[in-house]
>>> print(open('coords28.csv').read())   # CSV, C-alpha atoms
chain,number,residue,atom,x,y,z
T,1,MET,CA,114.1,8.5,-40.1
T,2,ILE,CA,111.7,10.4,-42.4
T,3,ASP,CA,110.7,7.2,-44.1
T,4,PHE,CA,109.8,5.6,-40.7
T,5,LEU,CA,107.7,8.5,-39.7
T,6,ASP,CA,106.0,8.5,-43.0
T,7,TRP,CA,105.2,4.8,-42.6
T,8,VAL,CA,103.8,5.4,-39.1
T,9,ALA,CA,101.6,8.2,-40.4
T,10,ARG,CA,100.3,5.9,-43.2
T,11,ALA,CA,99.9,3.0,-40.8
T,12,GLY,CA,98.0,5.1,-38.2
T,13,GLY,CA,94.8,4.9,-40.2
T,14,MET,CA,95.0,1.1,-40.4
T,15,VAL,CA,95.7,0.9,-36.7
T,16,ALA,CA,92.6,3.1,-36.0
T,17,ILE,CA,90.5,1.0,-38.2
T,18,LEU,CA,91.8,-2.2,-36.5
T,19,PHE,CA,91.1,-0.8,-33.1
T,20,ILE,CA,87.6,0.1,-34.2
T,21,ALA,CA,87.1,-3.3,-35.5
T,22,LEU,CA,88.4,-4.9,-32.4
T,23,GLY,CA,86.3,-2.7,-30.3
T,24,PHE,CA,83.2,-3.7,-32.2
T,25,VAL,CA,84.1,-7.3,-31.9
T,26,PHE,CA,84.7,-7.1,-28.2
T,27,ARG,CA,81.5,-5.1,-27.6
T,28,GLU,CA,79.4,-7.8,-29.4
T,29,LYS,CA,81.2,-10.4,-27.4
T,30,TRP,CA,80.5,-8.6,-24.2
T,31,LYS,CA,76.9,-8.2,-25.2
T,32,GLN,CA,76.6,-11.9,-25.9
T,33,ILE,CA,78.3,-12.7,-22.6
T,34,LEU,CA,76.1,-10.3,-20.7
T,35,GLN,CA,72.9,-11.6,-22.4
T,36,ARG,CA,74.0,-15.2,-21.7
T,37,SER,CA,74.7,-14.3,-18.1
T,38,LEU,CA,71.4,-12.5,-17.7
T,39,ALA,CA,69.5,-15.4,-19.2
T,40,GLU,CA,71.3,-17.8,-16.8
T,41,ASP,CA,70.5,-15.4,-13.9
T,42,ILE,CA,66.9,-15.3,-14.9
T,43,GLU,CA,66.7,-19.1,-15.2
T,44,ARG,CA,68.4,-19.4,-11.8
T,45,LEU,CA,66.0,-17.0,-10.3
T,46,LYS,CA,63.1,-18.9,-11.8
T,47,SER,CA,64.4,-22.1,-10.4
T,48,GLU,CA,64.9,-20.5,-7.0
T,49,LEU,CA,61.4,-19.0,-7.1
T,50,VAL,CA,59.9,-22.4,-8.0
T,51,ILE,CA,61.8,-24.0,-5.2
T,52,SER,CA,60.8,-21.3,-2.8
T,53,GLN,CA,57.2,-21.5,-3.8
T,54,ALA,CA,57.3,-25.3,-3.4
T,55,GLU,CA,58.9,-25.0,0.1
T,56,HIS,CA,56.3,-22.3,1.1
T,57,ALA,CA,53.5,-24.5,-0.2
T,58,ALA,CA,54.9,-27.5,1.7
T,59,SER,CA,55.1,-25.4,4.9
T,60,LEU,CA,51.5,-24.3,4.4
T,61,THR,CA,50.1,-27.8,3.8
T,62,PRO,CA,50.0,-28.8,7.5
T,63,GLN,CA,48.4,-25.5,8.5
T,64,LEU,CA,45.8,-25.9,5.7
T,65,GLU,CA,45.1,-29.4,6.8
T,66,GLN,CA,44.7,-28.3,10.4
T,67,ILE,CA,42.3,-25.5,9.3
T,68,LYS,CA,40.4,-28.0,7.2
T,69,HIS,CA,40.3,-30.4,10.2
T,70,ASP,CA,39.1,-27.7,12.6
T,71,PHE,CA,36.5,-26.5,10.2
T,72,GLN,CA,35.2,-30.1,9.7
T,73,GLN,CA,35.0,-30.6,13.4
T,74,LYS,CA,33.1,-27.4,13.8
T,75,LEU,CA,30.8,-28.3,11.0
T,76,GLU,CA,30.1,-31.7,12.5
T,77,ALA,CA,29.5,-30.1,15.9
T,78,TYR,CA,27.1,-27.6,14.3
T,79,LYS,CA,25.3,-30.5,12.6
T,80,VAL,CA,25.0,-32.4,15.9
T,81,SER,CA,23.8,-29.2,17.6
T,82,LEU,CA,21.3,-28.5,14.8
T,83,ILE,CA,20.0,-32.1,15.0
T,84,ALA,CA,19.8,-31.8,18.8
T,85,GLN,CA,17.8,-28.5,18.5
T,86,THR,CA,15.5,-30.1,16.0
T,87,GLU,CA,14.9,-33.1,18.1
T,88,ALA,CA,14.3,-30.8,21.2
T,89,VAL,CA,11.7,-28.8,19.2
T,90,LYS,CA,10.1,-32.1,18.1
T,91,ALA,CA,10.1,-33.3,21.7
T,92,ARG,CA,8.6,-30.1,23.0
T,93,GLU,CA,5.9,-30.3,20.3
T,94,GLU,CA,5.2,-33.9,21.2
T,95,LEU,CA,5.0,-33.0,24.8
T,96,ARG,CA,2.6,-30.1,24.1
T,97,LYS,CA,0.4,-32.5,22.1
T,98,THR,CA,0.5,-35.1,24.8
T,99,ILE,CA,-0.3,-32.5,27.5
T,100,ALA,CA,-3.1,-31.0,25.3
T,101,LEU,CA,-4.5,-34.5,24.7
T,102,ARG,CA,-4.4,-35.4,28.4
T,103,TYR,CA,-5.9,-32.1,29.3
T,104,ALA,CA,-8.8,-32.7,26.8
T,105,GLU,CA,-9.2,-36.2,28.2
T,106,ILE,CA,-9.5,-35.0,31.8
T,107,GLU,CA,-11.8,-32.2,30.7
T,108,PHE,CA,-14.0,-34.7,28.9
T,109,GLU,CA,-14.0,-37.1,31.8
T,110,ARG,CA,-14.9,-34.5,34.4
T,111,LEU,CA,-17.6,-32.8,32.3
T,112,VAL,CA,-19.1,-36.2,31.6
T,113,ALA,CA,-19.1,-37.0,35.3
T,114,LEU,CA,-20.8,-33.7,36.1
T,115,GLU,CA,-23.4,-34.3,33.4
T,116,ARG,CA,-24.1,-37.7,34.8
T,117,ALA,CA,-24.5,-36.2,38.3
T,118,ALA,CA,-26.5,-33.2,37.2
T,119,GLY,CA,-28.7,-34.8,34.5
T,120,PRO,CA,-31.0,-37.0,36.6
T,121,ILE,CA,-30.8,-35.3,40.0
T,122,THR,CA,-33.6,-32.8,39.5
T,123,SER,CA,-36.2,-35.4,38.5
T,124,TYR,CA,-34.9,-37.7,41.3
T,125,LEU,CA,-35.2,-35.1,44.1
T,126,LEU,CA,-38.6,-34.0,42.8
T,127,SER,CA,-39.8,-37.6,42.8
T,128,LEU,CA,-38.9,-37.8,46.5
T,129,ALA,CA,-40.3,-34.3,47.3
T,130,ILE,CA,-43.8,-34.9,45.9
T,131,VAL,CA,-44.5,-38.2,47.5
T,132,ASP,CA,-47.1,-38.4,50.3
T,133,VAL,CA,-45.9,-37.4,53.8
T,134,THR,CA,-46.7,-40.9,55.1
T,135,ASN,CA,-44.2,-42.4,52.6
T,136,LYS,CA,-41.3,-40.0,53.4
T,137,SER,CA,-38.4,-41.2,55.6
T,138,VAL,CA,-35.0,-40.4,57.0
T,139,GLU,CA,-33.6,-42.7,54.4
T,140,ASN,CA,-35.1,-40.5,51.6
T,141,GLY,CA,-33.4,-37.5,53.1
T,142,ASN,CA,-30.0,-39.3,53.2
T,143,GLN,CA,-30.4,-40.4,49.6
T,144,ALA,CA,-31.1,-36.8,48.5
T,145,LEU,CA,-28.0,-35.5,50.4
T,146,ASP,CA,-25.8,-38.2,48.8
T,147,ARG,CA,-26.9,-37.1,45.4
T,148,LEU,CA,-26.3,-33.5,46.3
T,149,ARG,CA,-22.8,-34.3,47.6
T,150,SER,CA,-22.0,-36.2,44.4
T,151,LEU,CA,-23.1,-33.2,42.4
T,152,GLY,CA,-21.0,-30.9,44.5
T,153,VAL,CA,-17.9,-33.1,44.1
T,154,ALA,CA,-18.4,-33.4,40.3
T,155,ALA,CA,-18.9,-29.6,40.0
T,156,ASP,CA,-15.7,-28.8,42.0
T,157,GLU,CA,-13.6,-31.2,39.9
T,158,ALA,CA,-15.0,-29.8,36.6
T,159,GLU,CA,-14.9,-26.1,37.7
T,160,MET,CA,-11.6,-25.3,35.9
T,161,PHE,CA,-13.1,-26.4,32.6
T,162,MET,CA,-16.4,-24.5,32.9
T,163,SER,CA,-17.2,-21.0,31.7
T,164,SER,CA,-18.3,-18.4,34.2
T,165,GLU,CA,-21.9,-18.7,33.0
T,166,ASP,CA,-21.9,-22.5,33.5
T,167,ARG,CA,-20.5,-22.1,37.0
T,168,VAL,CA,-23.3,-19.7,37.9
T,169,LEU,CA,-25.9,-22.1,36.5
T,170,ILE,CA,-24.5,-25.0,38.5
T,171,ILE,CA,-24.4,-23.1,41.7
T,172,GLU,CA,-27.9,-21.8,41.2
T,173,LEU,CA,-29.1,-25.4,40.5
T,174,GLN,CA,-27.4,-26.7,43.6
T,175,GLN,CA,-29.0,-24.0,45.8
T,176,ARG,CA,-32.5,-24.7,44.5
T,177,LEU,CA,-32.1,-28.4,44.8
T,178,LEU,CA,-30.7,-28.1,48.3
T,179,ALA,CA,-33.8,-26.0,49.2
T,180,VAL,CA,-36.1,-28.7,47.9
T,181,ALA,CA,-34.2,-31.4,49.8
T,182,SER,CA,-34.2,-29.4,53.0
T,183,ASP,CA,-37.9,-28.4,52.9
T,184,HIS,CA,-39.6,-31.4,51.3
T,185,ILE,CA,-37.4,-34.5,51.5
T,186,GLY,CA,-37.1,-36.5,54.7
T,187,TYR,CA,-39.2,-37.8,57.5
T,188,GLN,CA,-42.6,-36.0,57.7
T,189,LYS,CA,-41.5,-33.2,55.4
T,190,PRO,CA,-44.4,-31.4,53.6
T,191,VAL,CA,-45.2,-32.4,50.0
T,192,LEU,CA,-43.8,-30.2,47.3
T,193,THR,CA,-46.6,-28.9,45.1
T,194,GLN,CA,-46.7,-29.1,41.3
T,195,ASP,CA,-47.5,-25.4,41.3
T,196,TRP,CA,-44.2,-24.5,43.1
T,197,VAL,CA,-42.3,-26.6,40.6
T,198,LYS,CA,-43.8,-24.7,37.7
T,199,ARG,CA,-43.2,-21.3,39.3
T,200,SER,CA,-39.7,-21.9,40.5
T,201,GLY,CA,-38.3,-22.6,37.0
T,202,LEU,CA,-36.3,-25.5,38.5
T,203,LEU,CA,-36.9,-27.8,35.5
T,204,GLU,CA,-36.0,-25.0,33.1
T,205,LEU,CA,-32.8,-24.3,34.9
T,206,SER,CA,-31.9,-28.0,35.1
T,207,CYS,CA,-32.5,-28.3,31.3
T,208,ARG,CA,-30.2,-25.3,30.6
T,209,VAL,CA,-27.4,-26.9,32.7
T,210,HIS,CA,-27.9,-30.3,31.0
T,211,THR,CA,-27.9,-28.7,27.5
T,212,SER,CA,-24.8,-26.6,28.1
T,213,LEU,CA,-22.8,-29.6,29.5
T,214,LYS,CA,-23.8,-31.8,26.6
T,215,GLN,CA,-22.8,-29.1,24.1
T,216,ARG,CA,-19.4,-28.7,25.7
T,217,ILE,CA,-18.8,-32.5,25.8
T,218,GLY,CA,-19.8,-32.7,22.1
T,219,GLU,CA,-17.3,-30.0,21.2
T,220,ILE,CA,-14.5,-31.9,22.9
T,221,GLY,CA,-15.5,-35.0,21.1
T,222,LYS,CA,-14.9,-33.3,17.8
T,223,LEU,CA,-11.3,-32.2,18.6
>>> encode(input="coords28.csv", output="C-alpha cells")
Amino acid sequence: MIDFLDWVARAGGMVAILFIALGFVFREKWKQILQRSLAEDIERLKSELVISQAEHAASLTPQLEQIKHDFQQKLEAYKVSLIAQTEAVKAREELRKTIALRYAEIEFERLVALERAAGPITSYLLSLAIVDVTNKSVENGNQALDRLRSLGVAADEAEMFMSSEDRVLIIELQQRLLAVASDHIGYQKPVLTQDWVKRSGLLELSCRVHTSLKQRIGEIGKL
C-alpha cells in the first residue's frame, strides 16, 4: 500500500507535465482550427460581398440606363429648343432688316415724288402768272390747280418721313403758291409783277424746300 502511494506521488509530476503538454497541444490545435475557420469565414464574407455588389450593380444598371436615356432626351430637346430660339432670333433680325429696307424704300419713293412735284411747280406757276392778261385762260387756272393738288397729295404721303421744319416749309410754300394761283392765274387775272416776286421771297422758299428734299434723299441713298 505504501509502495502504491509512493508510486502515485512520483507519477503525479509526470501526469501534470503530460496534462500541460496536452493542453498546449490542444490550444495550438484550437488556435489553428479557429484561424482556419476565421479565414474561411472571411473568404465566404468576401465572396458574399462580391456577389451582393454584383447583384446591386445589376439592379442599378436599368435605372442608370433610364437616367442616361432621360438625360439624353432632355439634352436633345434642349438642343432643338436652342436651335429653334436661334432660328427665331435670326428670323426676327431678318424681318427687322426687311421692314427697315422696305421702310427706307417707301421713304425714298415718297420723298422723290414730293421733290418732283415741288421742284418745278414754283417756276411753272410764275410763268403762268406773269403772262399778259390777254393770254390768260380758264385752262391755265385748271393746270395750276392740278399742279397744286399733286403737290398736296405728295406732301401728305411724305409727311411721316419729314421733319417738323420741312413740313412747315412745304405748308408755307403751298400757301404762297395757292395765293399766286388764286390772284394771278386764270381768265383775266392780273399779271404778277417781278417786284412782288422779289419781295415775297417765294423763289428763296422754293429753293430751301428743294435743297432740303434733295439732301434727305441723298442721305437715304447712302444707307
>>> atom_distance(input="coords28.csv", atom1="CA of Pro120 (chain T)", atom2="CA of Arg147 (chain T)")
9.7 Å
>>> residues_around(input="coords28.csv", residues="Ser163 (chain T)", least_positions_apart="4", cutoff="12 Å", atoms="all atoms listed in the file", output="PyMOL selection string")
chain T and resi 111+158-159+167-170+209+212-213+216
>>> closest_residue(input="coords28.csv", among="T:Val112, T:Ala39, T:Ile67, T:Ala129", to="Pro190 (chain T)", atoms="all atoms listed in the file")
T:Ala129
>>> residues_around(input="coords28.csv", residues="region 171-175 of chain T", least_positions_apart="5", cutoff="10 Å", atoms="all atoms listed in the file", output="VMD selection string")
chain T and resid 118 121 to 122 148 to 149 151 to 152 155 166 180 to 181 202 to 203 205 to 206 208 to 209
>>> atom_distance(input="coords28.csv", atom1="CA of Val153 (chain T)", atom2="CA of Gly141 (chain T)")
18.5 Å
>>> atom_distance(input="coords28.csv", atom1="CA of Ser52 (chain T)", atom2="CA of Asp70 (chain T)")
27.4 Å
>>> residues_around(input="coords28.csv", residues="Ala104 (chain T)", least_positions_apart="4", cutoff="10 Å", atoms="all atoms listed in the file", output="VMD selection string")
chain T and resid 98 to 100 108 to 110 161 220 to 221 223
>>> write_last_selection(input="coords28.csv", atoms="C-alpha atoms", output="short mmCIF file (atom, residue, chain, number, x, y, z; two decimals), keeping the file's coordinate frame")
data_model
loop_
_atom_site.label_atom_id
_atom_site.label_comp_id
_atom_site.auth_asym_id
_atom_site.auth_seq_id
_atom_site.Cartn_x
_atom_site.Cartn_y
_atom_site.Cartn_z
CA THR T 98 0.50 -35.10 24.80
CA ILE T 99 -0.30 -32.50 27.50
CA ALA T 100 -3.10 -31.00 25.30
CA PHE T 108 -14.00 -34.70 28.90
CA GLU T 109 -14.00 -37.10 31.80
CA ARG T 110 -14.90 -34.50 34.40
CA PHE T 161 -13.10 -26.40 32.60
CA ILE T 220 -14.50 -31.90 22.90
CA GLY T 221 -15.50 -35.00 21.10
CA LEU T 223 -11.30 -32.20 18.60
#
>>> residues_around(input="coords28.csv", residues="Lys189 (chain T)", least_positions_apart="3", cutoff="9 Å", atoms="only C-alpha atoms", output="ChimeraX atom specification")
/T:129,133,136-137,182-186,192
>>> closest_residue(input="coords28.csv", among="T:Met160, T:Glu65, T:Ala77, T:Thr86", to="Tyr103 (chain T)", atoms="only C-alpha atoms")
T:Met160
>>> closest_residue(input="coords28.csv", among="T:Glu165, T:Glu76, T:Glu107, T:Asp146", to="Gly218 (chain T)", atoms="all atoms listed in the file")
T:Glu107
>>> closest_residue(input="coords28.csv", among="T:Asn142, T:Gln85, T:Gln35, T:Gln194", to="Ser127 (chain T)", atoms="all atoms listed in the file")
T:Gln194
